[in-house]
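What follows is the content of target23.tsv (TSV, C-alpha atoms).
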```
chain	number	residue	atom	x	y	z
A	1	ILE	CA	60.49	29.51	-5.66
A	2	ASN	CA	59.78	25.83	-5.26
A	3	THR	CA	58.07	24.70	-8.48
A	4	ARG	CA	57.82	21.05	-7.53
A	5	ARG	CA	54.34	19.71	-7.05
A	6	PRO	CA	53.51	17.82	-3.89
A	7	MET	CA	53.73	14.09	-4.28
A	8	PRO	CA	50.38	12.26	-3.98
A	9	LEU	CA	49.93	10.05	-1.00
A	10	ALA	CA	50.57	6.40	-1.68
A	11	SER	CA	47.50	4.27	-1.70
A	12	THR	CA	47.52	1.34	0.66
A	13	GLY	CA	45.30	-0.71	-1.66
A	14	ARG	CA	42.82	-1.40	1.14
A	15	PRO	CA	39.19	-0.25	0.91
A	16	SER	CA	38.26	2.35	3.48
A	17	ILE	CA	35.91	1.48	6.29
A	18	ALA	CA	33.30	3.94	5.07
A	19	ASN	CA	33.32	2.41	1.56
A	20	SER	CA	33.48	-1.25	2.54
A	21	PRO	CA	30.56	-3.51	1.50
A	22	ARG	CA	29.75	-4.34	5.11
A	23	SER	CA	29.46	-0.66	6.07
A	24	ARG	CA	27.27	0.01	3.03
A	25	VAL	CA	24.97	-2.87	4.01
A	26	ASN	CA	24.72	-1.57	7.59
A	27	PHE	CA	24.05	1.94	6.32
A	28	THR	CA	21.31	0.61	4.02
A	29	ARG	CA	19.72	-1.31	6.89
A	30	LYS	CA	19.78	1.78	9.10
A	31	ASN	CA	18.14	3.81	6.37
A	32	ASP	CA	15.48	1.13	5.89
A	33	ASP	CA	14.81	1.13	9.63
A	34	LEU	CA	14.47	4.91	9.65
A	35	ARG	CA	12.24	4.92	6.59
A	36	CYS	CA	10.03	2.04	7.75
A	37	PRO	CA	9.29	2.52	11.48
A	38	ARG	CA	6.01	0.66	11.11
A	39	ARG	CA	7.79	-2.40	9.81
A	40	VAL	CA	10.27	-2.33	12.69
A	41	ALA	CA	7.44	-1.96	15.22
A	42	GLY	CA	5.56	-4.81	13.54
A	43	ASP	CA	8.62	-7.07	13.76
A	44	ARG	CA	9.03	-6.28	17.46
A	45	ILE	CA	5.36	-6.98	18.16
A	46	HIS	CA	5.59	-10.25	16.24
A	47	LEU	CA	8.68	-11.27	18.25
A	48	ILE	CA	7.02	-10.44	21.59
A	49	THR	CA	3.85	-12.30	20.58
A	50	GLY	CA	5.86	-15.38	19.60
A	51	ARG	CA	7.66	-15.43	22.94
A	52	ALA	CA	4.38	-14.98	24.85
A	53	LEU	CA	2.79	-17.90	22.97
A	54	HIS	CA	5.84	-20.04	23.77
A	55	VAL	CA	5.48	-19.23	27.47
A	56	VAL	CA	1.74	-19.97	27.40
A	57	ARG	CA	2.29	-23.38	25.79
A	58	TRP	CA	4.80	-24.42	28.43
A	59	ALA	CA	2.52	-23.07	31.17
A	60	ILE	CA	-0.31	-25.28	29.88
A	61	VAL	CA	1.97	-28.32	29.88
A	62	PHE	CA	3.31	-27.75	33.41
A	63	LEU	CA	-0.13	-26.94	34.82
A	64	THR	CA	-1.57	-30.11	33.30
A	65	ILE	CA	1.23	-32.24	34.74
A	66	GLY	CA	0.82	-30.57	38.13
A	67	ILE	CA	-2.95	-31.13	38.20
A	68	LEU	CA	-2.51	-34.77	37.19
A	69	THR	CA	0.04	-35.28	39.98
A	70	LEU	CA	-2.27	-33.58	42.50
A	71	ALA	CA	-5.18	-35.78	41.43
A	72	TYR	CA	-3.04	-38.88	41.94
A	73	PHE	CA	-2.32	-37.96	45.59
A	74	THR	CA	-5.80	-36.59	46.34
A	75	PRO	CA	-8.74	-38.69	47.55
A	76	VAL	CA	-11.19	-39.82	44.88
A	77	GLY	CA	-14.06	-37.76	46.24
A	78	VAL	CA	-12.28	-34.43	45.66
A	79	ALA	CA	-13.11	-32.81	42.32
A	80	VAL	CA	-9.56	-32.03	41.25
A	81	SER	CA	-10.60	-32.23	37.59
A	82	MET	CA	-12.14	-28.77	37.90
A	83	LEU	CA	-8.61	-27.37	38.04
A	84	TYR	CA	-8.16	-28.25	34.36
A	85	VAL	CA	-10.23	-25.14	33.66
A	86	VAL	CA	-7.16	-22.99	34.37
A	87	PRO	CA	-4.93	-24.33	31.54
A	88	LEU	CA	-8.04	-24.58	29.37
A	89	LEU	CA	-8.54	-20.83	29.67
A	90	LEU	CA	-4.92	-20.31	28.60
A	91	THR	CA	-5.72	-21.89	25.22
A	92	LEU	CA	-7.60	-18.68	24.46
A	93	PHE	CA	-4.23	-17.12	23.54
A	94	SER	CA	-3.44	-19.90	21.06
A	95	PRO	CA	-3.64	-18.88	17.38
A	96	ARG	CA	-5.50	-22.07	16.44
A	97	ALA	CA	-9.25	-22.09	16.96
A	98	ARG	CA	-9.61	-25.78	17.88
A	99	ASP	CA	-6.97	-25.93	20.62
A	100	PRO	CA	-9.60	-25.66	23.43
A	101	LEU	CA	-11.31	-28.77	22.06
A	102	TYR	CA	-8.03	-30.67	21.88
A	103	PHE	CA	-7.16	-29.76	25.46
A	104	ALA	CA	-10.69	-30.64	26.61
A	105	ALA	CA	-10.22	-34.11	25.10
A	106	VAL	CA	-6.86	-34.52	26.87
A	107	ALA	CA	-8.27	-33.29	30.20
A	108	THR	CA	-11.27	-35.64	29.92
A	109	THR	CA	-8.98	-38.60	29.22
A	110	LEU	CA	-6.73	-37.80	32.20
A	111	THR	CA	-9.75	-37.28	34.45
A	112	TRP	CA	-11.31	-40.67	33.75
A	113	ILE	CA	-7.98	-42.50	33.78
A	114	ASP	CA	-7.49	-41.20	37.32
A	115	ALA	CA	-11.00	-42.42	38.23
A	116	LEU	CA	-10.29	-45.92	36.89
A	117	GLN	CA	-7.12	-46.15	38.96
A	118	SER	CA	-8.94	-45.41	42.22
A	119	PRO	CA	-8.28	-47.90	45.03
A	120	ALA	CA	-10.82	-50.46	46.19
A	121	GLY	CA	-13.39	-49.25	48.70
A	122	ALA	CA	-13.39	-45.68	47.38
A	123	PRO	CA	-16.71	-43.84	46.95
A	124	ILE	CA	-17.02	-44.63	43.26
A	125	PRO	CA	-20.51	-43.10	42.67
A	126	TYR	CA	-19.45	-39.80	44.23
A	127	ALA	CA	-16.20	-39.81	42.23
A	128	VAL	CA	-18.08	-40.57	39.00
A	129	PHE	CA	-20.51	-37.72	39.71
A	130	ASN	CA	-17.69	-35.24	40.35
A	131	ARG	CA	-15.81	-36.24	37.23
A	132	THR	CA	-18.95	-36.16	35.10
A	133	LEU	CA	-19.70	-32.67	36.35
A	134	GLY	CA	-16.09	-31.59	35.74
A	135	THR	CA	-16.15	-33.03	32.23
A	136	MET	CA	-19.35	-31.16	31.42
A	137	VAL	CA	-17.87	-27.91	32.72
A	138	ILE	CA	-14.64	-28.42	30.77
A	139	TRP	CA	-16.44	-29.13	27.50
A	140	GLY	CA	-18.86	-26.25	28.03
A	141	ILE	CA	-15.99	-23.82	28.53
A	142	ALA	CA	-14.11	-25.32	25.56
A	143	LEU	CA	-17.07	-24.85	23.24
A	144	GLY	CA	-17.50	-21.30	24.52
A	145	LEU	CA	-13.84	-20.53	23.86
A	146	VAL	CA	-14.06	-21.95	20.33
A	147	ALA	CA	-17.14	-19.84	19.59
A	148	TYR	CA	-15.45	-16.75	21.05
A	149	LYS	CA	-12.27	-17.28	19.00
A	150	ARG	CA	-14.33	-17.83	15.86
A	151	THR	CA	-16.23	-14.61	16.50
A	152	GLN	CA	-12.97	-12.75	17.10
A	153	ARG	CA	-11.54	-14.10	13.85
A	154	GLU	CA	-14.63	-13.07	11.89
A	155	LEU	CA	-14.52	-9.64	13.51
A	156	HIS	CA	-10.84	-9.28	12.62
A	157	SER	CA	-11.54	-10.31	9.02
A	158	ALA	CA	-14.36	-7.75	8.85
A	159	GLN	CA	-12.05	-5.05	10.20
A	160	VAL	CA	-9.36	-5.96	7.66
A	161	GLU	CA	-11.88	-5.82	4.82
A	162	GLN	CA	-13.21	-2.51	6.09
A	163	ALA	CA	-9.70	-1.08	6.30
A	164	HIS	CA	-8.99	-2.32	2.78
A	165	ALA	CA	-12.21	-0.75	1.50
A	166	GLU	CA	-11.39	2.53	3.23
A	167	GLY	CA	-7.91	2.45	1.69
A	168	LEU	CA	-9.38	1.91	-1.78
A	169	MET	CA	-11.84	4.74	-1.16
A	170	MET	CA	-9.05	7.08	-0.11
A	171	GLU	CA	-7.04	6.12	-3.19
A	172	ALA	CA	-10.08	6.77	-5.39
A	173	GLN	CA	-10.64	10.15	-3.75
A	174	GLU	CA	-6.97	11.03	-4.19
A	175	ALA	CA	-7.09	9.97	-7.85
A	176	ARG	CA	-10.21	12.06	-8.35
A	177	TYR	CA	-8.55	15.02	-6.68
A	178	ARG	CA	-5.54	14.65	-8.96
A	179	ALA	CA	-7.78	14.39	-12.03
A	180	ASP	CA	-9.68	17.53	-10.99
A	181	ARG	CA	-6.43	19.36	-10.40
A	182	GLU	CA	-5.11	18.32	-13.80
A	183	ALA	CA	-8.39	19.42	-15.41
A	184	VAL	CA	-8.19	22.81	-13.71
A	185	ARG	CA	-4.57	23.14	-14.74
A	186	ALA	CA	-5.48	22.28	-18.34
A	187	VAL	CA	-8.23	24.92	-18.32
A	188	VAL	CA	-5.84	27.51	-16.89
A	189	ASP	CA	-3.19	26.62	-19.48
A	190	ARG	CA	-5.77	26.90	-22.24
A	191	GLU	CA	-6.90	30.30	-21.02
A	192	GLN	CA	-3.29	31.46	-20.84
A	193	ALA	CA	-2.66	30.18	-24.37
A	194	GLU	CA	-5.77	31.95	-25.65
A	195	GLU	CA	-4.66	35.13	-23.90
A	196	GLN	CA	-1.20	34.91	-25.42
A	197	LEU	CA	-2.74	34.27	-28.84
A	198	LEU	CA	-4.98	37.29	-28.46
A	199	ILE	CA	-2.05	39.46	-27.40
A	200	SER	CA	0.00	38.23	-30.35
A	201	ARG	CA	-2.88	38.95	-32.74
A	202	LEU	CA	-3.31	42.46	-31.36
A	203	ARG	CA	0.40	43.13	-31.70
A	204	LEU	CA	0.36	41.84	-35.26
A	205	GLU	CA	-2.63	44.02	-36.11
A	206	SER	CA	-0.94	47.05	-34.57
A	207	ILE	CA	2.22	46.36	-36.56
A	208	ILE	CA	0.22	46.01	-39.78
A	209	GLU	CA	-1.67	49.25	-39.09
A	210	SER	CA	1.57	51.04	-38.33
A	211	ALA	CA	3.08	49.77	-41.55
A	212	MET	CA	0.06	50.86	-43.58
A	213	ASP	CA	0.07	54.28	-41.99
A	214	ALA	CA	3.75	54.65	-42.77
```
This structure in structure tokens:
Amino acid sequence: INTRRPMPLASTGRPSIANSPRSRVNFTRKNDDLRCPRRVAGDRIHLITGRALHVVRWAIVFLTIGILTLAYFTPVGVAVSMLYVVPLLLTLFSPRARDPLYFAAVATTLTWIDALQSPAGAPIPYAVFNRTLGTMVIWGIALGLVAYKRTQRELHSAQVEQAHAEGLMMEAQEARYRADREAVRAVVDREQAEEQLLISRLRLESIIESAMDA
């Protein structure tokens, strides 16, 4: 009979892949992602929103440059300034409330600079009328966008406050439910204790009576 014990395997001195710090960090991140799906979805929505805002900003810049170039090669009597309404409407997606006003100021400046650079003999009164009308339209839309964004922000704040109040109400109801459950449990425990005390007293009385009879 072979009584020798098997020799233990020699350790290589290297940490295993499953127990390495990097694998533990990845495992922790995976667990956090599985436990917090709302946070992962929120991060994805935030990333998509950031990219969309980046695209909108560059679209506003390129549209403005294109409209300015078109106005330079278009006769003075054509109301090209009305095209600035398109990039102005894109400022609705900007997170800042005053961006429509800033763009309206830039569009007004570009519109009147183009009018001042008109060649001699051009129908100046007609050009001034068109640009005045375009400026009024641009500023009217800009003020409307600012009012709309302000209303949306106030509505969002009201919804956040309402959600917070509803959350506090649910927490209060849950705390009340727990308190009622603890009170009921205390009453039940007290009744059980009283019942056990009564049973013990009856047993003691029966033992005493038995002893006296004996």
Proximity to Ala97 of chain A - best of A:Arg57, A:Arg185, A:Arg131, A:Lys149, only C-alpha atoms: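 Selected residue with least distance to Ala97 of chain A: A:Lys149.
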Give me the residues within 12 Å of Phe93 of chain A as a list of chain:residue names, counting all atoms listed in the file and dropping any in the same chain fewer than 6 places off.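 So, after excluding close chain neighbours, the residues are A:Thr49, A:Gly50, A:Ala52, A:Leu53, A:His54, A:Val55, A:Val56, A:Arg57, A:Ala59, A:Ile60, A:Pro87, A:Asp99, A:Pro100, A:Leu145, A:Val146, A:Tyr148, A:Lys149, A:Gln152.
Picture a line from atom CA of Pro75 of chain A to atom CA of Thr91 of chain A; it runs 28.1 Å.
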Using all atoms listed in the file, pick whichever of A:Leu202, A:Val78, A:Leu88, A:Ala104 has the shortest atom-to-atom distance to Asn130 of chain A.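 Going through A:Leu202, A:Val78, A:Leu88, A:Ala104 one by one, the smallest distance to Asn130 of chain A is for A:Val78.
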Model the absent atoms of segment 179-190 of chain A so that all heavy atoms are present, and write the result as a PDB file, in the frame of the given file.
```
ATOM      1  N   ALA A 179      -7.156  14.163 -10.723  1.00  0.00           N
ATOM      2  CA  ALA A 179      -7.780  14.390 -12.030  1.00  0.00           C
ATOM      3  C   ALA A 179      -8.408  15.776 -12.089  1.00  0.00           C
ATOM      4  O   ALA A 179      -8.276  16.486 -13.103  1.00  0.00           O
ATOM      5  CB  ALA A 179      -8.825  13.308 -12.292  1.00  0.00           C
ATOM      6  N   ASP A 180      -9.102  16.185 -11.013  1.00  0.00           N
ATOM      7  CA  ASP A 180      -9.680  17.530 -10.990  1.00  0.00           C
ATOM      8  C   ASP A 180      -8.605  18.603 -11.057  1.00  0.00           C
ATOM      9  O   ASP A 180      -8.775  19.624 -11.761  1.00  0.00           O
ATOM     10  CB  ASP A 180     -10.533  17.712  -9.725  1.00  0.00           C
ATOM     11  CG  ASP A 180     -11.763  16.807  -9.720  1.00  0.00           C
ATOM     12  OD1 ASP A 180     -12.166  16.358 -10.809  1.00  0.00           O
ATOM     13  OD2 ASP A 180     -12.307  16.565  -8.621  1.00  0.00           O
ATOM     14  N   ARG A 181      -7.514  18.376 -10.366  1.00  0.00           N
ATOM     15  CA  ARG A 181      -6.430  19.360 -10.400  1.00  0.00           C
ATOM     16  C   ARG A 181      -5.814  19.454 -11.786  1.00  0.00           C
ATOM     17  O   ARG A 181      -5.511  20.559 -12.266  1.00  0.00           O
ATOM     18  CB  ARG A 181      -5.372  18.980  -9.365  1.00  0.00           C
ATOM     19  CG  ARG A 181      -4.264  20.001  -9.214  1.00  0.00           C
ATOM     20  CD  ARG A 181      -3.328  19.609  -8.094  1.00  0.00           C
ATOM     21  NE  ARG A 181      -2.715  18.313  -8.361  1.00  0.00           N
ATOM     22  CZ  ARG A 181      -1.887  17.710  -7.509  1.00  0.00           C
ATOM     23  NH1 ARG A 181      -1.618  18.272  -6.335  1.00  0.00           N
ATOM     24  NH2 ARG A 181      -1.368  16.537  -7.811  1.00  0.00           N
ATOM     25  N   GLU A 182      -5.643  18.297 -12.442  1.00  0.00           N
ATOM     26  CA  GLU A 182      -5.110  18.320 -13.800  1.00  0.00           C
ATOM     27  C   GLU A 182      -6.084  18.996 -14.756  1.00  0.00           C
ATOM     28  O   GLU A 182      -5.668  19.721 -15.670  1.00  0.00           O
ATOM     29  CB  GLU A 182      -4.818  16.889 -14.265  1.00  0.00           C
ATOM     30  CG  GLU A 182      -3.677  16.203 -13.519  1.00  0.00           C
ATOM     31  CD  GLU A 182      -2.350  16.902 -13.726  1.00  0.00           C
ATOM     32  OE1 GLU A 182      -2.173  17.513 -14.798  1.00  0.00           O
ATOM     33  OE2 GLU A 182      -1.498  16.845 -12.833  1.00  0.00           O
ATOM     34  N   ALA A 183      -7.396  18.769 -14.558  1.00  0.00           N
ATOM     35  CA  ALA A 183      -8.390  19.420 -15.410  1.00  0.00           C
ATOM     36  C   ALA A 183      -8.358  20.935 -15.230  1.00  0.00           C
ATOM     37  O   ALA A 183      -8.401  21.702 -16.209  1.00  0.00           O
ATOM     38  CB  ALA A 183      -9.778  18.868 -15.111  1.00  0.00           C
ATOM     39  N   VAL A 184      -8.266  21.368 -13.972  1.00  0.00           N
ATOM     40  CA  VAL A 184      -8.190  22.810 -13.710  1.00  0.00           C
ATOM     41  C   VAL A 184      -6.912  23.389 -14.310  1.00  0.00           C
ATOM     42  O   VAL A 184      -6.917  24.490 -14.911  1.00  0.00           O
ATOM     43  CB  VAL A 184      -8.253  23.071 -12.197  1.00  0.00           C
ATOM     44  CG1 VAL A 184      -7.966  24.532 -11.894  1.00  0.00           C
ATOM     45  CG2 VAL A 184      -9.625  22.679 -11.649  1.00  0.00           C
ATOM     46  N   ARG A 185      -5.823  22.657 -14.172  1.00  0.00           N
ATOM     47  CA  ARG A 185      -4.570  23.140 -14.740  1.00  0.00           C
ATOM     48  C   ARG A 185      -4.658  23.221 -16.269  1.00  0.00           C
ATOM     49  O   ARG A 185      -4.143  24.171 -16.877  1.00  0.00           O
ATOM     50  CB  ARG A 185      -3.425  22.203 -14.333  1.00  0.00           C
ATOM     51  CG  ARG A 185      -2.056  22.651 -14.825  1.00  0.00           C
ATOM     52  CD  ARG A 185      -0.986  21.691 -14.363  1.00  0.00           C
ATOM     53  NE  ARG A 185      -0.912  21.650 -12.909  1.00  0.00           N
ATOM     54  CZ  ARG A 185      -0.122  20.820 -12.234  1.00  0.00           C
ATOM     55  NH1 ARG A 185       0.649  19.963 -12.903  1.00  0.00           N
ATOM     56  NH2 ARG A 185      -0.102  20.842 -10.917  1.00  0.00           N
ATOM     57  N   ALA A 186      -5.319  22.237 -16.885  1.00  0.00           N
ATOM     58  CA  ALA A 186      -5.480  22.280 -18.340  1.00  0.00           C
ATOM     59  C   ALA A 186      -6.327  23.474 -18.760  1.00  0.00           C
ATOM     60  O   ALA A 186      -6.023  24.148 -19.758  1.00  0.00           O
ATOM     61  CB  ALA A 186      -6.115  20.971 -18.823  1.00  0.00           C
ATOM     62  N   VAL A 187      -7.383  23.763 -17.999  1.00  0.00           N
ATOM     63  CA  VAL A 187      -8.230  24.920 -18.320  1.00  0.00           C
ATOM     64  C   VAL A 187      -7.436  26.221 -18.180  1.00  0.00           C
ATOM     65  O   VAL A 187      -7.511  27.124 -19.031  1.00  0.00           O
ATOM     66  CB  VAL A 187      -9.476  24.930 -17.421  1.00  0.00           C
ATOM     67  CG1 VAL A 187     -10.250  26.232 -17.590  1.00  0.00           C
ATOM     68  CG2 VAL A 187     -10.368  23.736 -17.745  1.00  0.00           C
ATOM     69  N   VAL A 188      -6.652  26.310 -17.100  1.00  0.00           N
ATOM     70  CA  VAL A 188      -5.840  27.510 -16.890  1.00  0.00           C
ATOM     71  C   VAL A 188      -4.812  27.669 -18.011  1.00  0.00           C
ATOM     72  O   VAL A 188      -4.595  28.780 -18.538  1.00  0.00           O
ATOM     73  CB  VAL A 188      -5.161  27.450 -15.511  1.00  0.00           C
ATOM     74  CG1 VAL A 188      -4.159  28.592 -15.357  1.00  0.00           C
ATOM     75  CG2 VAL A 188      -6.207  27.515 -14.402  1.00  0.00           C
ATOM     76  N   ASP A 189      -4.160  26.552 -18.392  1.00  0.00           N
ATOM     77  CA  ASP A 189      -3.190  26.620 -19.480  1.00  0.00           C
ATOM     78  C   ASP A 189      -3.853  27.042 -20.796  1.00  0.00           C
ATOM     79  O   ASP A 189      -3.272  27.809 -21.591  1.00  0.00           O
ATOM     80  CB  ASP A 189      -2.497  25.264 -19.644  1.00  0.00           C
ATOM     81  CG  ASP A 189      -1.620  24.927 -18.452  1.00  0.00           C
ATOM     82  OD1 ASP A 189      -1.254  25.859 -17.710  1.00  0.00           O
ATOM     83  OD2 ASP A 189      -1.312  23.734 -18.259  1.00  0.00           O
ATOM     84  N   ARG A 190      -5.057  26.527 -21.009  1.00  0.00           N
ATOM     85  CA  ARG A 190      -5.770  26.900 -22.240  1.00  0.00           C
ATOM     86  C   ARG A 190      -6.122  28.378 -22.241  1.00  0.00           C
ATOM     87  O   ARG A 190      -5.952  29.068 -23.261  1.00  0.00           O
ATOM     88  CB  ARG A 190      -7.029  26.052 -22.357  1.00  0.00           C
ATOM     89  CG  ARG A 190      -7.834  26.331 -23.618  1.00  0.00           C
ATOM     90  CD  ARG A 190      -9.055  25.447 -23.666  1.00  0.00           C
ATOM     91  NE  ARG A 190      -9.857  25.759 -24.842  1.00  0.00           N
ATOM     92  CZ  ARG A 190     -11.010  25.145 -25.120  1.00  0.00           C
ATOM     93  NH1 ARG A 190     -11.465  24.200 -24.313  1.00  0.00           N
ATOM     94  NH2 ARG A 190     -11.679  25.485 -26.212  1.00  0.00           N
TER      95      ARG A 190
END
```
